[in-house]
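Q: For reference, this is upload-v5.txt, and it has compact mmCIF, C-alpha atoms.
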# COMPACT_ATOMS: atom_id res chain seq x y z
CA MET A 237 98.62 110.28 147.57
CA ARG A 238 100.82 113.26 146.70
CA LYS A 239 103.89 111.39 147.92
CA TYR A 240 102.92 108.43 145.73
CA ILE A 241 102.49 110.60 142.63
CA LEU A 242 105.88 112.24 143.15
CA MET A 243 107.50 108.83 143.59
CA VAL A 244 105.94 107.51 140.36
CA SER A 245 106.92 110.67 138.44
CA ARG A 246 110.55 110.41 139.54
CA TYR A 247 110.61 106.70 138.73
CA LEU A 248 109.25 107.17 135.23
CA LEU A 249 111.58 110.10 134.57
CA LEU A 250 114.58 107.94 135.47
CA VAL A 251 113.64 105.17 133.06
CA SER A 252 112.87 107.50 130.13
CA ILE A 253 116.21 106.99 128.43
CA THR A 254 116.29 107.69 124.70
CA ILE A 255 117.45 104.81 122.50
CA GLN A 256 117.48 104.92 118.70
CA SER A 257 115.71 102.36 116.55
CA HIS A 258 115.65 102.48 112.75
CA ALA A 259 113.31 102.25 109.77
CA GLN A 260 111.71 99.29 107.98
CA ASN A 261 109.46 96.57 109.38
CA PRO A 262 109.40 95.77 112.17
CA LEU A 263 109.78 99.30 113.48
CA ILE A 264 111.18 98.35 116.90
CA ARG A 265 114.32 96.21 116.75
CA ASP A 266 115.39 95.55 120.36
CA GLN A 267 112.23 94.29 122.07
CA TYR A 268 108.85 92.77 121.32
CA SER A 269 105.99 95.21 120.76
CA ALA A 270 102.34 94.84 119.73
CA ASP A 271 98.99 96.64 119.40
CA PRO A 272 100.44 99.95 118.15
CA SER A 273 98.36 103.06 118.83
CA ALA A 274 99.90 105.76 116.62
CA ARG A 275 99.16 109.45 117.20
CA VAL A 276 100.36 112.69 115.63
CA PHE A 277 101.32 115.19 118.31
CA GLY A 278 102.90 118.35 116.92
CA ASP A 279 105.40 117.48 114.20
CA ARG A 280 106.10 113.94 115.42
CA VAL A 281 104.39 110.58 115.32
CA TYR A 282 104.14 108.86 118.70
CA VAL A 283 103.42 105.15 118.93
CA TYR A 284 102.07 103.60 122.14
CA PRO A 285 102.27 99.80 121.82
CA SER A 286 101.88 97.04 124.34
CA HIS A 287 105.10 95.26 125.31
CA ASP A 288 105.24 91.48 124.95
CA ILE A 289 107.69 89.57 127.10
CA LEU A 290 108.23 85.82 127.35
CA ALA A 291 106.43 84.28 130.32
CA THR A 292 108.35 81.94 132.60
CA GLU A 293 107.33 79.97 135.69
CA GLY A 294 106.25 82.53 138.28
CA ARG A 295 106.22 85.33 135.73
CA GLY A 296 102.93 85.31 133.86
CA ARG A 297 101.23 82.33 132.23
CA VAL A 298 103.63 80.25 130.20
CA GLY A 299 102.53 79.98 126.58
CA TRP A 300 100.22 82.99 126.79
CA PHE A 301 100.35 86.78 126.38
CA CYS A 302 102.60 88.33 129.03
CA MET A 303 102.87 92.13 129.40
CA GLU A 304 104.04 94.12 132.40
CA ASP A 305 104.68 97.68 131.16
CA TYR A 306 104.41 100.20 128.32
CA HIS A 307 106.96 102.18 126.32
CA VAL A 308 106.39 105.08 123.93
CA PHE A 309 108.30 105.58 120.66
CA SER A 310 108.40 108.65 118.42
CA SER A 311 109.72 109.81 115.06
CA ALA A 312 109.79 113.02 113.05
CA ASN A 313 110.46 111.26 109.74
CA LEU A 314 109.04 107.72 110.13
CA THR A 315 112.58 106.42 109.69
CA ASP A 316 114.45 107.11 112.94
CA TRP A 317 112.45 105.93 115.97
CA THR A 318 113.29 106.95 119.53
CA ASP A 319 112.39 104.80 122.53
CA HIS A 320 111.48 107.22 125.32
CA GLY A 321 111.54 104.42 127.86
CA MET A 322 108.95 102.87 130.12
CA ILE A 323 105.96 105.08 130.89
CA VAL A 324 103.65 102.82 132.94
CA GLN A 325 104.48 99.64 134.88
CA GLN A 326 101.93 97.22 136.29
CA ASN A 327 103.08 97.29 139.92
CA LYS A 328 103.24 101.09 139.93
CA VAL A 329 99.50 101.45 139.17
CA PRO A 330 97.42 101.62 142.38
CA TRP A 331 94.40 99.65 141.12
CA VAL A 332 96.14 96.92 139.07
CA LYS A 333 96.49 93.45 140.50
CA PRO A 334 100.22 92.99 141.25
CA ASP A 335 102.17 90.73 138.91
CA SER A 336 99.12 90.11 136.74
CA TYR A 337 101.06 90.65 133.46
CA SER A 338 97.93 91.88 131.72
CA MET A 339 98.88 95.32 130.39
CA TRP A 340 97.20 94.82 127.02
CA ALA A 341 96.53 97.16 124.05
CA PRO A 342 96.55 100.91 125.02
CA ASP A 343 95.76 104.28 123.44
CA CYS A 344 96.67 107.93 124.04
CA ILE A 345 94.98 111.27 123.26
CA TYR A 346 95.70 114.97 123.79
CA ARG A 347 93.23 117.39 125.36
CA ASN A 348 93.50 120.80 127.06
CA GLY A 349 97.25 120.67 127.57
CA LYS A 350 97.34 117.10 128.89
CA TYR A 351 98.05 113.68 127.41
CA TYR A 352 95.71 110.90 128.51
CA PHE A 353 97.03 107.34 128.27
CA TYR A 354 94.35 104.62 128.41
CA PHE A 355 95.26 101.04 129.21
CA PRO A 356 93.47 97.83 130.23
CA SER A 357 94.51 95.48 132.99
CA THR A 358 93.21 93.20 135.71
CA PRO A 359 92.00 95.07 138.85
CA LYS A 360 92.93 93.80 142.28
CA ASP A 361 89.50 94.95 143.51
CA THR A 362 86.89 92.93 141.62
CA SER A 363 84.18 95.45 142.53
CA TYR A 364 85.52 97.49 139.61
CA ALA A 365 85.17 94.58 137.20
CA ARG A 366 85.67 90.85 136.94
CA GLY A 367 88.31 90.34 134.31
CA PHE A 368 89.63 93.46 132.62
CA THR A 369 88.87 97.13 133.07
CA VAL A 370 90.46 100.34 131.78
CA GLY A 371 92.49 102.99 133.59
CA VAL A 372 94.10 106.31 132.69
CA ALA A 373 97.54 107.85 133.25
CA ILE A 374 98.08 111.57 132.65
CA ALA A 375 101.14 113.53 131.53
CA ASN A 376 102.15 117.04 130.44
CA LYS A 377 104.21 115.68 127.53
CA PRO A 378 103.47 112.89 125.04
CA GLU A 379 106.49 110.93 126.26
CA GLY A 380 105.59 111.40 129.94
CA PRO A 381 106.22 111.10 132.77
CA PHE A 382 102.71 109.65 133.11
CA VAL A 383 100.93 109.49 136.47
CA PRO A 384 98.34 106.70 136.78
CA GLN A 385 95.00 107.60 138.30
CA PRO A 386 94.23 105.84 141.60
CA ALA A 387 91.18 104.01 140.19
CA PRO A 388 90.04 102.77 136.78
CA ILE A 389 87.14 104.25 134.81
CA LEU A 390 83.89 103.12 136.37
CA HIS A 391 81.44 100.98 134.38
CA VAL A 392 84.00 99.86 131.79
CA ARG A 393 84.55 96.13 131.53
CA GLY A 394 86.81 94.99 128.74
CA ILE A 395 90.03 95.58 126.80
CA ASP A 396 91.50 97.54 123.88
CA PRO A 397 90.53 101.14 124.77
CA ASN A 398 90.41 103.65 121.93
CA VAL A 399 89.59 107.35 122.33
CA PHE A 400 88.21 109.69 119.70
CA ILE A 401 87.44 113.41 120.03
CA ASP A 402 84.89 114.66 117.52
CA LYS A 403 84.91 118.07 115.85
CA ASP A 404 82.33 119.37 118.34
CA GLY A 405 84.69 118.54 121.21
CA GLN A 406 82.82 115.48 122.48
CA ALA A 407 85.14 112.63 123.44
CA TYR A 408 84.23 108.96 123.03
CA LEU A 409 85.74 105.83 124.57
CA TYR A 410 85.56 102.58 122.58
CA TRP A 411 86.50 99.14 123.91
CA SER A 412 85.80 95.46 123.32
CA GLN A 413 84.46 92.57 125.37
CA GLY A 414 82.82 90.09 123.04
CA ASN A 415 81.11 93.05 121.37
CA ILE A 416 82.47 96.52 120.64
CA TYR A 417 81.22 99.13 123.11
CA CYS A 418 81.24 102.92 123.18
CA ALA A 419 80.40 105.64 125.69
CA LYS A 420 80.84 109.39 125.83
CA LEU A 421 83.56 110.77 128.10
CA LYS A 422 83.28 113.76 130.38
CA GLU A 423 85.47 116.80 129.80
CA ASN A 424 87.88 115.49 132.47
CA MET A 425 88.56 112.42 130.21
CA VAL A 426 88.54 110.01 133.17
CA GLU A 427 84.79 109.47 133.66
CA LEU A 428 81.99 108.26 131.44
CA ALA A 429 79.34 110.82 130.48
CA SER A 430 76.86 108.22 129.19
CA ASP A 431 75.99 104.57 129.62
CA PRO A 432 77.95 102.16 127.42
CA VAL A 433 76.19 100.99 124.26
CA VAL A 434 76.91 98.05 121.98
CA LEU A 435 77.77 99.11 118.43
CA GLU A 436 75.41 97.12 116.24
CA ALA A 437 75.52 95.90 112.63
CA LEU A 438 79.02 94.42 113.03
CA PRO A 439 79.92 90.77 112.33
CA ASN A 440 78.06 88.35 114.61
CA LYS A 441 80.25 85.34 113.83
CA GLY A 442 83.75 85.14 115.26
CA LEU A 443 85.73 87.31 117.67
CA LYS A 444 85.93 91.04 117.06
CA GLU A 445 88.05 93.36 119.21
CA GLY A 446 90.57 96.20 119.07
CA PRO A 447 88.31 99.06 117.87
CA TYR A 448 89.95 102.13 116.36
CA LEU A 449 87.78 104.98 115.08
CA PHE A 450 88.86 107.88 112.87
CA GLU A 451 87.09 110.47 110.73
CA ARG A 452 87.85 111.51 107.14
CA ASN A 453 85.81 113.93 105.01
CA GLY A 454 82.77 113.58 107.24
CA THR A 455 82.82 109.77 107.26
CA TYR A 456 83.51 107.86 110.47
CA TYR A 457 85.54 104.69 110.03
CA LEU A 458 85.16 102.05 112.74
CA THR A 459 88.05 99.64 112.21
CA TYR A 460 88.61 96.39 114.11
CA PRO A 461 90.31 92.96 114.00
CA HIS A 462 87.85 90.13 113.31
CA VAL A 463 88.22 86.35 113.17
CA GLU A 464 86.21 85.45 110.08
CA ASN A 465 87.94 82.07 109.76
CA LYS A 466 90.86 81.01 111.98
CA THR A 467 92.94 84.16 112.56
CA GLU A 468 92.30 87.89 112.77
CA ARG A 469 92.03 90.13 109.76
CA LEU A 470 91.55 93.91 109.85
CA GLU A 471 88.11 95.10 108.75
CA TYR A 472 86.11 98.31 108.83
CA ALA A 473 82.60 99.73 108.86
CA ILE A 474 81.54 103.28 108.04
CA GLY A 475 78.96 105.66 109.46
CA LYS A 476 77.97 109.31 109.68
CA LYS A 477 78.28 109.66 113.47
CA PRO A 478 80.77 108.43 116.09
CA LEU A 479 78.11 106.10 117.53
CA GLY A 480 76.92 104.89 114.14
CA PRO A 481 74.90 103.27 112.84
CA PHE A 482 77.75 101.61 110.97
CA LYS A 483 77.71 99.56 107.78
CA ILE A 484 80.23 96.76 107.28
CA THR A 485 82.32 97.92 104.33
CA GLY A 486 85.47 95.93 103.69
CA VAL A 487 88.81 94.39 104.66
CA ILE A 488 91.88 96.54 105.37
CA MET A 489 94.39 93.68 105.72
CA ASP A 490 94.00 89.96 105.17
CA GLU A 491 94.90 87.26 107.68
CA SER A 492 98.58 86.68 108.39
CA PRO A 493 100.11 84.40 105.73
CA THR A 494 102.26 82.78 108.44
CA GLY A 495 99.44 82.20 110.93
CA CYS A 496 99.98 84.94 113.51
CA TRP A 497 96.63 84.68 115.30
CA THR A 498 96.24 88.34 116.30
CA ASN A 499 96.50 91.63 114.53
CA HIS A 500 95.85 95.02 116.12
CA HIS A 501 96.19 98.39 114.49
CA SER A 502 95.74 102.15 114.27
CA ILE A 503 95.43 104.54 111.31
CA ILE A 504 96.81 108.08 111.08
CA GLN A 505 97.48 110.82 108.56
CA PHE A 506 100.93 112.40 108.72
CA LYS A 507 102.27 114.96 106.26
CA ASN A 508 99.45 114.31 103.77
CA GLN A 509 99.91 110.52 103.74
CA TRP A 510 97.80 107.91 105.57
CA TYR A 511 99.48 105.02 107.36
CA LEU A 512 98.38 101.73 108.88
CA PHE A 513 100.24 100.60 112.00
CA TYR A 514 99.79 96.93 112.91
CA HIS A 515 101.76 93.97 114.27
CA HIS A 516 103.18 90.60 113.26
CA ASN A 517 105.43 87.98 114.87
CA ASP A 518 108.58 88.79 112.86
CA TYR A 519 111.09 87.99 115.62
CA SER A 520 109.12 84.99 116.88
CA PRO A 521 107.85 83.04 113.85
CA THR A 522 106.95 79.93 115.87
CA PHE A 523 105.27 81.71 118.82
CA ASP A 524 102.66 84.34 118.05
CA LYS A 525 102.42 85.76 121.57
CA ALA A 526 105.69 87.63 121.00
CA ARG A 527 104.94 90.23 118.36
CA SER A 528 106.49 93.27 116.68
CA ILE A 529 104.90 96.45 115.36
CA ARG A 530 104.93 97.41 111.68
CA ALA A 531 103.66 100.21 109.46
CA ASP A 532 102.72 100.49 105.79
CA SER A 533 101.14 103.21 103.65
CA LEU A 534 97.35 103.25 103.32
CA PHE A 535 95.30 104.68 100.45
CA PHE A 536 91.65 105.52 99.81
CA ASN A 537 89.58 105.08 96.68
CA THR A 538 87.70 108.06 95.25
CA ASP A 539 84.47 106.84 96.89
CA GLY A 540 86.12 106.88 100.34
CA THR A 541 86.59 103.13 100.68
CA ILE A 542 89.97 101.86 101.86
CA GLN A 543 92.33 100.05 99.53
CA LYS A 544 93.49 96.76 101.01
CA VAL A 545 97.00 97.02 102.50
CA THR A 546 99.54 94.32 101.62
CA PRO A 547 102.14 93.88 104.40
CA THR A 548 105.73 94.68 103.44
CA TYR A 549 109.16 94.28 104.97
CA ARG A 550 110.30 97.62 103.55
CA GLY A 551 107.63 99.52 105.45
CA ILE A 552 107.64 103.31 105.46
CA GLY A 553 110.15 106.16 105.60
CA VAL A 554 113.21 107.09 103.55
CA THR A 555 116.62 105.54 104.26
CA ASN A 556 119.71 107.73 104.01
CA ALA A 557 122.44 106.21 101.84
CA ASN A 558 125.10 106.80 104.52
CA THR A 559 123.34 104.59 107.09
CA GLN A 560 123.47 100.81 107.34
CA ILE A 561 120.85 99.84 104.75
CA GLN A 562 119.23 96.60 105.90
CA ILE A 563 118.44 95.18 102.48
CA ASP A 564 116.85 92.10 104.06
CA ARG A 565 113.88 94.45 104.68
CA TYR A 566 113.43 94.33 100.96
CA SER A 567 110.91 95.78 98.54
CA ARG A 568 111.26 92.84 96.13
CA LEU A 569 113.32 89.65 95.73
CA SER A 570 114.15 87.74 92.58
CA ASP A 571 112.02 84.63 92.09
CA LYS A 572 115.03 82.32 92.29
CA GLY A 573 118.29 82.29 94.18
CA ALA A 574 117.39 84.88 96.84
CA SER A 575 116.15 84.33 100.39
CA ILE A 576 116.06 85.87 103.87
CA SER A 577 117.03 84.23 107.17
CA PHE A 578 118.02 85.21 110.71
CA LEU A 579 121.62 86.16 111.36
CA ASP A 580 121.50 84.07 114.53
CA THR A 581 118.48 81.90 115.36
CA ALA A 582 119.49 81.93 119.03
CA SER A 583 119.51 85.75 119.12
CA LYS A 584 116.83 86.91 116.71
CA PHE A 585 116.97 90.61 117.65
CA GLN A 586 120.29 90.71 115.75
CA GLY A 587 118.06 90.75 112.67
CA TRP A 588 118.25 89.11 109.26
CA LYS A 589 120.57 88.52 106.32
CA THR A 590 119.94 88.33 102.59
CA VAL A 591 121.30 85.20 100.92
CA LEU A 592 122.02 85.24 97.18
CA GLU A 593 123.10 81.91 95.66
CA ALA A 594 122.64 82.10 91.92
CA ALA A 595 124.01 84.29 89.18
CA GLY A 596 121.53 87.05 88.52
CA ALA A 597 119.75 86.69 91.88
CA TRP A 598 118.87 90.10 93.29
CA VAL A 599 117.25 92.06 96.10
CA GLN A 600 115.56 95.44 95.65
CA TYR A 601 115.38 98.09 98.39
CA ASN A 602 113.35 101.22 97.62
CA SER A 603 113.61 104.85 98.70
CA VAL A 604 117.30 105.38 99.44
CA ASP A 605 118.25 109.06 99.63
CA PHE A 606 121.69 109.72 98.11
CA GLY A 607 121.39 113.48 98.49
CA LYS A 608 123.38 115.73 96.15
CA LYS A 609 126.99 114.96 97.10
CA LYS A 610 128.63 111.91 95.55
CA PRO A 611 129.80 109.29 98.10
CA LYS A 612 133.38 108.10 97.70
CA SER A 613 132.75 104.43 98.39
CA VAL A 614 130.30 101.73 99.35
CA THR A 615 130.77 99.17 102.12
CA VAL A 616 129.06 95.78 102.34
CA ARG A 617 129.05 93.45 105.33
CA ALA A 618 129.09 90.05 103.70
CA LEU A 619 130.04 86.40 104.10
CA SER A 620 130.80 83.95 101.28
CA PRO A 621 132.47 80.58 101.95
CA ALA A 622 133.61 80.20 98.31
CA GLY A 623 133.83 83.90 97.45
CA GLY A 624 131.78 85.80 94.92
CA ARG A 625 131.03 89.11 93.31
CA LEU A 626 128.22 91.61 93.89
CA GLN A 627 126.99 94.42 91.71
CA ILE A 628 125.05 97.43 92.98
CA ARG A 629 122.68 99.23 90.64
CA VAL A 630 119.95 101.83 90.92
CA GLN A 631 116.65 102.40 89.09
CA GLY A 632 116.36 98.76 87.93
CA ILE A 633 118.18 95.44 87.65
CA ASP A 634 119.54 96.73 84.34
CA GLY A 635 120.01 100.28 85.61
CA PRO A 636 123.23 102.25 86.13
CA VAL A 637 125.99 100.30 87.92
CA LEU A 638 127.20 102.12 91.03
CA ALA A 639 129.79 99.56 92.15
CA GLU A 640 131.33 96.12 91.57
CA ILE A 641 132.27 94.42 94.84
CA PRO A 642 134.47 91.28 95.05
CA ILE A 643 133.82 89.17 98.17
CA ALA A 644 136.78 87.11 99.34
CA ALA A 645 136.25 83.47 100.31
CA GLY A 646 135.88 82.90 104.05
CA ASN A 647 133.64 81.70 106.84
CA GLU A 648 133.58 84.95 108.80
CA TRP A 649 131.72 88.19 108.20
CA GLN A 650 133.85 90.82 106.50
CA LEU A 651 133.51 94.50 105.64
CA VAL A 652 134.27 94.99 101.96
CA LYS A 653 134.74 98.49 100.56
CA ALA A 654 134.67 99.49 96.90
CA SER A 655 134.89 102.78 95.04
CA LEU A 656 131.83 104.16 93.29
CA LEU A 657 131.90 103.94 89.52
CA GLN A 658 129.22 106.59 89.10
CA PHE A 659 126.63 108.51 91.10
CA LYS A 660 122.91 109.15 90.84
CA PRO A 661 121.65 111.88 93.22
CA GLY A 662 118.38 112.05 95.09
CA LEU A 663 115.90 109.29 95.89
CA GLN A 664 116.78 105.96 94.27
CA ASN A 665 115.67 102.34 94.32
CA LEU A 666 118.68 100.16 95.13
CA PHE A 667 119.47 96.72 93.61
CA VAL A 668 122.10 94.30 94.92
CA ILE A 669 122.81 91.53 92.40
CA SER A 670 124.94 88.38 92.53
CA LYS A 671 127.20 87.87 89.53
CA ASP A 672 128.03 84.17 90.06
CA ASN A 673 126.57 80.99 91.51
CA ASN A 674 128.43 81.01 94.84
CA GLN A 675 126.46 81.72 97.99
CA ILE A 676 126.84 85.24 99.38
CA ALA A 677 125.17 86.37 102.61
CA ILE A 678 124.72 90.13 103.04
CA ASP A 679 123.96 91.85 106.34
CA TRP A 680 123.91 95.51 105.22
CA THR A 681 125.38 98.03 102.82
CA SER A 682 126.29 101.69 103.29
CA PHE A 683 127.59 104.56 101.14
CA GLU A 684 130.30 106.79 102.59
Starting from the file, give its structure as structure tokens.

A:
Amino acid sequence: MRKYILMVSRYLLLVSITIQSHAQNPLIRDQYSADPSARVFGDRVYVYPSHDILATEGRGRVGWFCMEDYHVFSSANLTDWTDHGMIVQQNKVPWVKPDSYSMWAPDCIYRNGKYYFYFPSTPKDTSYARGFTVGVAIANKPEGPFVPQPAPILHVRGIDPNVFIDKDGQAYLYWSQGNIYCAKLKENMVELASDPVVLEALPNKGLKEGPYLFERNGTYYLTYPHVENKTERLEYAIGKKPLGPFKITGVIMDESPTGCWTNHHSIIQFKNQWYLFYHHNDYSPTFDKARSIRADSLFFNTDGTIQKVTPTYRGIGVTNANTQIQIDRYSRLSDKGASISFLDTASKFQGWKTVLEAAGAWVQYNSVDFGKKKPKSVTVRALSPAGGRLQIRVQGIDGPVLAEIPIAAGNEWQLVKASLLQFKPGLQNLFVISKDNNQIAIDWTSFE
């Protein structure tokens, strides 16, 4: 067993290569990701999602969810996200059925100097459970390396583990299997300390899954995806204890407007602001088993109820003016003459472009940090078959003009640089506006 643990540790250490991702929704730009479990450890936010891949013949079930491993991502500013690499892989876990591609929604928690990563999968020994059960991997750091335990947690049958540690130190494990279940955990965090119970007074009609419990001002919020109609929406119930009783209270996020069947989430407070992490099928609009994680700000009413969150492309975090500002992750678009599409439909991870095709059409991108020192120029990556002219403003569509940018006619992408006419320091909302009726596609803009 010791030899096996050392082998796994070395393997996971080798694959933990740091890669930078960037802000806006979706948060992760080079792979599919879903079911984000966000946690604040120290001065960073760590997100533990599941990892969707596309099934092929002999590799999962074609047309269904297919997941073989987990990554962990972290950020100190909610703008720059680091991929710490793969932390658990299905065929490196002793109890998981090989090549089962069933590494579904996970969670992670810190206790007594260790990080405990909980994940569901299909066991090769059905005496543990028929269907799914939940196992644990343990690490000394939030990014790993994680060492899977040799066996799953006994008496847990289901998916979507979520762990909560109350103020008195008692830990609870929540999971779903038709109903939402909960049991106390022992101090060692790998064994149940009580029999599982069904959490009552939740919706009886339609699927409910993906529990995530948090506490705020003495109120316990049990949040969960629920199929009220045809697709999942995020709902919550409140109680005075981790085991309830709970009272159904409201909706956190409505069903996907584009029909993504699932949603799965977590809620954290970081630097005095609450955030909702969730997923959508941004990179796979016609196939909702290939999803991508997102985040948006969350707010409470004075009575403690949660204000409904409207999904955005802009997401969270502040964008530095000297980076490539992906304005297609917009805050607002003009009603006419502005649209968003993929740069390359055959390679969707390349991202999107903003298309302006009417005089006065505009795109707004909020929270750009210009700092205190005036940039010398602005660069736009653009394409315009007939040529055109862009204007960049801040504060509003009639606000101060930072630059006028002529775009030469051509069928190839070009980098166009223009001098700044004036400068506004600090945090600004950015507006890119078309000044004629010719079509102009914009990939990004940056101030230098």

Q: May I have the residues within 10 Å of A:Tyr417 as a short mmCIF file (atom, residue, chain, number, x, y, z; two decimals) with C-alpha atoms, keeping the file's coordinate frame, using all atoms listed in the file and disregarding those fewer than 2 positions away in the same chain?

A:
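part_25.cif, written as the output of this step:
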data_model
loop_
_atom_site.label_atom_id
_atom_site.label_comp_id
_atom_site.auth_asym_id
_atom_site.auth_seq_id
_atom_site.Cartn_x
_atom_site.Cartn_y
_atom_site.Cartn_z
CA VAL A 392 84.00 99.86 131.79
CA ARG A 393 84.55 96.13 131.53
CA GLY A 394 86.81 94.99 128.74
CA PRO A 397 90.53 101.14 124.77
CA LEU A 409 85.74 105.83 124.57
CA TYR A 410 85.56 102.58 122.58
CA TRP A 411 86.50 99.14 123.91
CA SER A 412 85.80 95.46 123.32
CA GLN A 413 84.46 92.57 125.37
CA GLY A 414 82.82 90.09 123.04
CA ASN A 415 81.11 93.05 121.37
CA ALA A 419 80.40 105.64 125.69
CA ASP A 431 75.99 104.57 129.62
CA PRO A 432 77.95 102.16 127.42
CA VAL A 433 76.19 100.99 124.26
CA VAL A 434 76.91 98.05 121.98
CA LEU A 435 77.77 99.11 118.43
CA GLU A 436 75.41 97.12 116.24
CA GLU A 445 88.05 93.36 119.21
CA PRO A 447 88.31 99.06 117.87
CA LEU A 479 78.11 106.10 117.53
#

Q: Could you tell me how far atom CA of A:Tyr514 lies from atom CA of A:Ile552, in Å and to one decimal?

A: 12.6 Å

Q: To one decimal place in Å, what is the distance between atom CA of A:Ala375 and atom CA of A:His320?

A: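 Atom CA of A:His320 lies at a distance of 13.6 Å from atom CA of A:Ala375.
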
Q: Could you tell me which of A:Arg469, A:His287, A:Arg347, A:His500 comes closest to A:Ala274 if we count all atoms listed in the file?

A: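 Of A:Arg469, A:His287, A:Arg347, A:His500, the one nearest A:Ala274, counting all atoms listed in the file, is A:His500.
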
Q: Determine, counting all atoms listed in the file, which protein, DNA and RNA residues have an atom within 8 Å of an atom of A:Pro342; residues of the same chain fewer than 5 positions away are not included. Present the result as a list in words.

A: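 Listing them by chain and then by number gives Asp271, Pro272, Ser273, Tyr284, Pro285, Ser286, Phe353, Tyr354, Phe355, Pro356, Asp396, Pro397 and Asn398 of chain A.
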